[in-house]
Each structure stands twice: as structure tokens, then as C-alpha cells.
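Asker: So that we are looking at the same thing, I have put the structure below in C-alpha cells.
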Amino acid sequence: MTRSADDTITITPEILLKAYAAGIFPMAEDADDPSLFWVEPRERGIIPLDAFHVPKRLTRTIRSDEFEVRVDRDFDAVIAGCAAPAADREKTWINRRIRDLYGQLYDAGFCHTVEVYRDNRLVGGLYGVRLNGAFFGESMFHTERDASKVALVHLVARLKRGGFTLLDTQFVTSHLAQFGAIEIPRRAYKQMLRTALEHDGDWYAWPKGRTVSGEEALAAL
């Protein structure tokens, strides 16, 4: 289900947070389209945090620490990576308004990144919105094999350590399904959302500047 966003009304970060709390989120048709529309799927994608699954081969990669994972260091680079063309997508829904709005949420402490580096070079990551005990995943990217998967594993580990109860993926893709992503009806989703909004999750249960090892992330799961 989609709803047109009224361009006569300025969408502010405050309005955006209220939209998330109500179960809707914005998208654009493509990067060149300046307009936005609201989306409220009938079937919502989530990853149940207690049923998160890490494939065995990926477990070995994470435990090896061949990547370094950091959070909230370079939002602009992460969203640029998410908006860049890739083998599995020719165009992006991340337009200038999306970049500006989520950049403001990042500055205000409501938008976060998980960043994956090799030799101090960003090779993957994701970003999303935190609201109390809910985290709304927005987009992810990788330029090296497994980099976005490593970001997702570290995200879930951080959410579990911080006491979050909802990881909203909006939709379910084959990429997410291998980790346990499922679709639930809108009514069930809204009940989970209400519950998650009733308490705070601690994004910095691991401090911002601290590098979390793969072993620590797996232990948190």
C-alpha cells in the first residue's frame, strides 16, 4: 500500500519519526525523482531477533575478523554506497530528499550506520532509523563479498545486546530470508511496533568508538 506524500507539506525529520511510529516510511521512484511517497506494506518484513540465523560459512568469515566493523563514523559514505548502482540493482530509490532527511536524522542521533572496512577502506555497510526499542533497516551495500552480510550480523548483535525487540526490514528479499527474515500481517506488525516503542533500546551498549570483534558479535547472538 502506498500513499502520495503531499509536496505542499514540508517533510521534516520530526514528521518522519512520527511516520515510522505509525508504521509507514517514505520512498522515491528513483534518484532523479524529487518527490516522495509513503509506503505501508500489507505484509511487513521483519527479522525476529531471537531467530536470527548465521550461515556456517559466514560464521567463519566473521570469526576471522578479516573485516573491521565500526558504527556511526561516515553516514555520507554509507548512503552514497547504498545509492550507487550495483549488479543486483540498476537504479536506486534514494534521491536527494532522502539523503537530506536521513542526514538530519543522523545528526540528531536517530539514524545509525554499521560500516565494514578492509584496510581502512569502506567496502560495505547499512543504515537505518532507531526509535526507542525498534530499528528500521533502510538499505545496505557491499563492494566486496560478504561485507553487507557482516554488517547485518553486527547490527543484530548490537540490537540484541542493547535490548531492542524489533528489526524492521520493510520487505523480505532472498538475501534477507537466509538470515530468518519473514513477512507478518500489518496488524501483527503494528502490535510489535507498539511494544517496541514502549521501551528504549541502547544503541551504544557497545560504545561508539569501540571496535567489536567477530567473536563478540557472535557471542551476543
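By order of appearance in the C-alpha cells: chains A, B, ..., then residues from 1 within every chain, and ligands from 1 in the order shown.
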What are the closest atom pairs, with distances in Å to one decimal, for all residues of segment 12-47 of chain A lying within 12 Å of segment 115-138 of chain A? Consider only C-alpha atoms, order rows by chain and residue number, and present the result as a Markdown table.
Answerer:
```
| residue | atom | partner | partner_atom | distance |
| --- | --- | --- | --- | --- |
| A:Pro13 | CA | A:Val129 | CA | 11.1 |
| A:Glu14 | CA | A:Leu131 | CA | 11.8 |
| A:Leu16 | CA | A:Val129 | CA | 10.0 |
| A:Leu17 | CA | A:Leu131 | CA | 7.7 |
| A:Lys18 | CA | A:Leu131 | CA | 9.8 |
| A:Ala19 | CA | A:Leu131 | CA | 11.1 |
| A:Tyr20 | CA | A:Leu131 | CA | 8.1 |
| A:Ala21 | CA | A:Leu131 | CA | 7.7 |
| A:Ala22 | CA | A:Leu131 | CA | 11.5 |
| A:Gly23 | CA | A:Phe136 | CA | 10.1 |
| A:Ile24 | CA | A:Phe136 | CA | 10.6 |
| A:Phe25 | CA | A:Phe136 | CA | 9.4 |
| A:Pro26 | CA | A:Glu138 | CA | 10.2 |
| A:Met27 | CA | A:Glu138 | CA | 10.0 |
| A:Arg44 | CA | A:Phe136 | CA | 11.5 |
| A:Gly45 | CA | A:Gly137 | CA | 10.2 |
| A:Ile46 | CA | A:Phe136 | CA | 9.1 |
| A:Ile47 | CA | A:Gly137 | CA | 10.1 |
```
Asker: If we count only C-alpha atoms, what is near Ile184 of chain A at a cut-off of 10 Å, once residues fewer than 2 positions away on the same chain are taken out, given as a PyMOL selection string?
Answerer: chain A and resi 41-46+181-182+186-190
Asker: Only N, CA, C and O atoms, please: the residues just picked out, written as an mmCIF file, in the first residue's frame.
Answerer:
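Written file, selection10.cif:
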```cif
data_model
loop_
_atom_site.group_PDB
_atom_site.id
_atom_site.type_symbol
_atom_site.label_atom_id
_atom_site.label_comp_id
_atom_site.auth_asym_id
_atom_site.auth_seq_id
_atom_site.Cartn_x
_atom_site.Cartn_y
_atom_site.Cartn_z
ATOM 1 N N PRO A 41 3.287 -1.444 3.798
ATOM 2 C CA PRO A 41 3.033 -2.768 3.215
ATOM 3 C C PRO A 41 1.953 -3.545 3.965
ATOM 4 O O PRO A 41 1.857 -3.467 5.194
ATOM 5 N N ARG A 42 1.161 -4.303 3.228
ATOM 6 C CA ARG A 42 0.177 -5.182 3.868
ATOM 7 C C ARG A 42 0.883 -6.304 4.616
ATOM 8 O O ARG A 42 0.434 -6.752 5.665
ATOM 9 N N GLU A 43 1.980 -6.784 4.042
ATOM 10 C CA GLU A 43 2.812 -7.788 4.691
ATOM 11 C C GLU A 43 4.171 -7.150 4.964
ATOM 12 O O GLU A 43 4.846 -6.723 4.036
ATOM 13 N N ARG A 44 4.555 -7.074 6.222
ATOM 14 C CA ARG A 44 5.769 -6.348 6.609
ATOM 15 C C ARG A 44 6.917 -7.315 6.834
ATOM 16 O O ARG A 44 6.773 -8.356 7.468
ATOM 17 N N GLY A 45 8.087 -6.959 6.311
ATOM 18 C CA GLY A 45 9.266 -7.769 6.529
ATOM 19 C C GLY A 45 9.929 -7.442 7.857
ATOM 20 O O GLY A 45 10.132 -6.277 8.189
ATOM 21 N N ILE A 46 10.247 -8.475 8.620
ATOM 22 C CA ILE A 46 10.992 -8.305 9.865
ATOM 23 C C ILE A 46 11.996 -9.451 9.980
ATOM 24 O O ILE A 46 11.856 -10.486 9.329
ATOM 25 N N ALA A 181 14.560 -13.738 7.868
ATOM 26 C CA ALA A 181 13.545 -12.705 7.648
ATOM 27 C C ALA A 181 12.221 -13.346 7.241
ATOM 28 O O ALA A 181 12.193 -14.308 6.469
ATOM 29 N N ILE A 182 11.135 -12.806 7.763
ATOM 30 C CA ILE A 182 9.798 -13.313 7.464
ATOM 31 C C ILE A 182 8.864 -12.134 7.204
ATOM 32 O O ILE A 182 9.190 -10.986 7.510
ATOM 33 N N ARG A 186 0.077 -6.753 8.593
ATOM 34 C CA ARG A 186 0.185 -5.380 9.099
ATOM 35 C C ARG A 186 -0.266 -5.269 10.554
ATOM 36 O O ARG A 186 0.383 -4.591 11.362
ATOM 37 N N ARG A 187 -1.367 -5.925 10.895
ATOM 38 C CA ARG A 187 -1.878 -5.816 12.273
ATOM 39 C C ARG A 187 -0.876 -6.371 13.274
ATOM 40 O O ARG A 187 -0.627 -5.770 14.329
ATOM 41 N N ALA A 188 -0.283 -7.523 12.970
ATOM 42 C CA ALA A 188 0.707 -8.114 13.869
ATOM 43 C C ALA A 188 1.942 -7.222 13.972
ATOM 44 O O ALA A 188 2.523 -7.070 15.049
ATOM 45 N N TYR A 189 2.329 -6.632 12.833
ATOM 46 C CA TYR A 189 3.481 -5.739 12.845
ATOM 47 C C TYR A 189 3.231 -4.542 13.760
ATOM 48 O O TYR A 189 4.103 -4.152 14.547
ATOM 49 N N LYS A 190 2.042 -3.968 13.648
ATOM 50 C CA LYS A 190 1.770 -2.768 14.447
ATOM 51 C C LYS A 190 1.750 -3.081 15.937
ATOM 52 O O LYS A 190 2.142 -2.247 16.763
#
```
Asker: Could you please write out, as a ChimeraX atom specification, every residue of segment 20-209 of chain A that DSSP assigns to alpha helix (DSSP H)?
Answerer: /A:20-22,56-64,75-83,96-107,147-161,174-177,186-197
Asker: As a list of chain:residue names, please: the residues near Trp93 of chain A (cut-off 12 Å, only C-alpha atoms, same-chain neighbours under 2 positions excluded).
Answerer: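 Everything that qualifies: A:Pro26, A:Met27, A:Ala28, A:Glu29, A:Asp30, A:Ala31, A:Asp32, A:Asp33, A:Pro34, A:Ser35, A:Leu36, A:Phe37, A:Ile79, A:Ala80, A:Cys82, A:Ala83, A:Ala84, A:Pro85, A:Arg89, A:Glu90, A:Lys91, A:Asn95, A:Arg96, A:Arg97, A:Ile98, A:Arg99, A:Glu138, A:Ser139.
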Asker: Let me see the file: selected residues, N, CA and C atoms, as a tab-separated table (two decimals), in the first residue's frame.
Answerer:
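And here is the file that came out, result00.tsv:
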```
chain	number	residue	atom	x	y	z
A	26	PRO	N	8.95	6.55	3.92
A	26	PRO	CA	8.95	7.18	2.60
A	26	PRO	C	9.88	6.49	1.61
A	27	MET	N	9.55	6.60	0.33
A	27	MET	CA	10.42	6.15	-0.74
A	27	MET	C	10.26	7.12	-1.92
A	28	ALA	N	11.18	7.01	-2.87
A	28	ALA	CA	11.09	7.76	-4.12
A	28	ALA	C	11.11	6.76	-5.27
A	29	GLU	N	10.59	7.16	-6.41
A	29	GLU	CA	10.60	6.27	-7.57
A	29	GLU	C	12.01	5.96	-8.02
A	30	ASP	N	12.86	6.98	-8.07
A	30	ASP	CA	14.26	6.79	-8.41
A	30	ASP	C	15.04	8.02	-7.96
A	31	ALA	N	16.35	8.00	-8.17
A	31	ALA	CA	17.22	9.06	-7.67
A	31	ALA	C	16.94	10.41	-8.30
A	32	ASP	N	16.38	10.42	-9.51
A	32	ASP	CA	16.14	11.68	-10.20
A	32	ASP	C	14.76	12.26	-9.94
A	33	ASP	N	13.91	11.51	-9.25
A	33	ASP	CA	12.56	11.98	-8.94
A	33	ASP	C	12.59	12.74	-7.62
A	34	PRO	N	12.24	14.02	-7.60
A	34	PRO	CA	12.33	14.79	-6.36
A	34	PRO	C	11.20	14.51	-5.37
A	35	SER	N	10.15	13.81	-5.80
A	35	SER	CA	9.00	13.59	-4.93
A	35	SER	C	9.18	12.33	-4.08
A	36	LEU	N	8.38	12.22	-3.04
A	36	LEU	CA	8.38	11.07	-2.15
A	36	LEU	C	6.96	10.53	-2.05
A	37	PHE	N	6.85	9.25	-1.69
A	37	PHE	CA	5.55	8.69	-1.40
A	37	PHE	C	5.67	7.81	-0.15
A	79	ILE	N	25.45	6.07	2.81
A	79	ILE	CA	24.25	6.29	2.00
A	79	ILE	C	24.63	6.44	0.52
A	80	ALA	N	25.81	6.96	0.24
A	80	ALA	CA	26.27	7.02	-1.14
A	80	ALA	C	26.48	5.62	-1.69
A	82	CYS	N	24.91	2.93	-0.68
A	82	CYS	CA	23.59	2.33	-0.84
A	82	CYS	C	22.88	2.85	-2.10
A	83	ALA	N	23.20	4.08	-2.50
A	83	ALA	CA	22.55	4.68	-3.67
A	83	ALA	C	23.26	4.36	-4.98
A	84	ALA	N	24.46	3.82	-4.90
A	84	ALA	CA	25.24	3.55	-6.12
A	84	ALA	C	24.68	2.35	-6.87
A	85	PRO	N	24.78	2.36	-8.20
A	85	PRO	CA	24.35	1.19	-8.99
A	85	PRO	C	25.15	-0.04	-8.57
A	89	ARG	N	20.98	-4.21	-8.79
A	89	ARG	CA	20.04	-3.11	-8.96
A	89	ARG	C	20.63	-2.07	-9.91
A	90	GLU	N	19.82	-1.69	-10.89
A	90	GLU	CA	20.28	-0.71	-11.87
A	90	GLU	C	19.99	0.72	-11.45
A	91	LYS	N	18.97	0.89	-10.59
A	91	LYS	CA	18.66	2.23	-10.12
A	91	LYS	C	18.31	2.19	-8.65
A	95	ASN	N	16.87	9.37	-3.32
A	95	ASN	CA	17.05	10.65	-4.02
A	95	ASN	C	17.64	11.69	-3.06
A	96	ARG	N	17.77	12.90	-3.54
A	96	ARG	CA	18.39	13.96	-2.74
A	96	ARG	C	17.60	14.23	-1.47
A	97	ARG	N	16.27	14.22	-1.54
A	97	ARG	CA	15.46	14.49	-0.35
A	97	ARG	C	15.67	13.40	0.70
A	98	ILE	N	15.77	12.16	0.26
A	98	ILE	CA	16.03	11.06	1.19
A	98	ILE	C	17.39	11.27	1.87
A	99	ARG	N	18.39	11.61	1.08
A	99	ARG	CA	19.73	11.83	1.66
A	99	ARG	C	19.69	12.95	2.69
A	138	GLU	N	17.06	0.45	6.49
A	138	GLU	CA	16.71	1.17	5.27
A	138	GLU	C	17.38	0.60	4.02
A	139	SER	N	18.68	0.46	4.05
A	139	SER	CA	19.38	-0.03	2.87
A	139	SER	C	20.77	-0.52	3.26
```
Asker: Counting only C-alpha atoms, which residue out of A:Trp38, A:Phe67, A:Phe141, A:Phe110 sits closest to His175 of chain A?
Answerer: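 Smallest separation from His175 of chain A among the options: A:Phe141.
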Asker: Which of segment 123-201 of chain A end up as strand (DSSP E or B) when DSSP is run on this backbone - answer as a list in words?
Answerer: Val123, Gly124, Gly125, Leu126, Tyr127, Gly128, Val129, Arg130, Leu131, Ala134, Phe135, Phe136, Gly137, Glu138, Ser139, Met140, Phe141, His142, Leu166, Leu167, Asp168, Thr169, Gln170, Ile182, Glu183, Ile184 and Pro185 of chain A
Asker: Using only C-alpha atoms for the distances, tell me which of A:Asp50, A:Asp200, A:Glu183, A:Asp100 is nearest to Asp76 of chain A.
Answerer: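 Ranking A:Asp50, A:Asp200, A:Glu183, A:Asp100 by distance to Asp76 of chain A, first place goes to A:Asp100.
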Asker: Residues at most 6 Å from segment 60-65 of chain A, counting only C-alpha atoms, excluding those fewer than 3 positions away in the same chain, as a PyMOL selection string?
Answerer: chain A and resi 57+214-215
Asker: Atom CA of Trp206 of chain A to atom CA of Val150 of chain A: how many Å, to one decimal?
Answerer: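 Atom CA of Val150 of chain A lies at a distance of 16.7 Å from atom CA of Trp206 of chain A.
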Asker: Nearest to Ala219 of chain A: which of A:Leu176, A:Ala86, A:Leu197, A:Ala157 is it, counting only C-alpha atoms?
Answerer: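 Among the listed residues, A:Ala157 lies closest to Ala219 of chain A.
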Asker: Go ahead and compute the interatomic distance for atom CA of Val212 of chain A and atom CA of Asp107 of chain A, in Å to one decimal.
Answerer: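 Computing it gives 22.9 Å between the two atoms.
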Asker: Go ahead and compute the interatomic distance for atom CA of Val54 of chain A and atom CA of Val153 of chain A, in Å to one decimal.
Answerer: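 Between atom CA of Val54 of chain A and atom CA of Val153 of chain A the gap works out to 7.5 Å.
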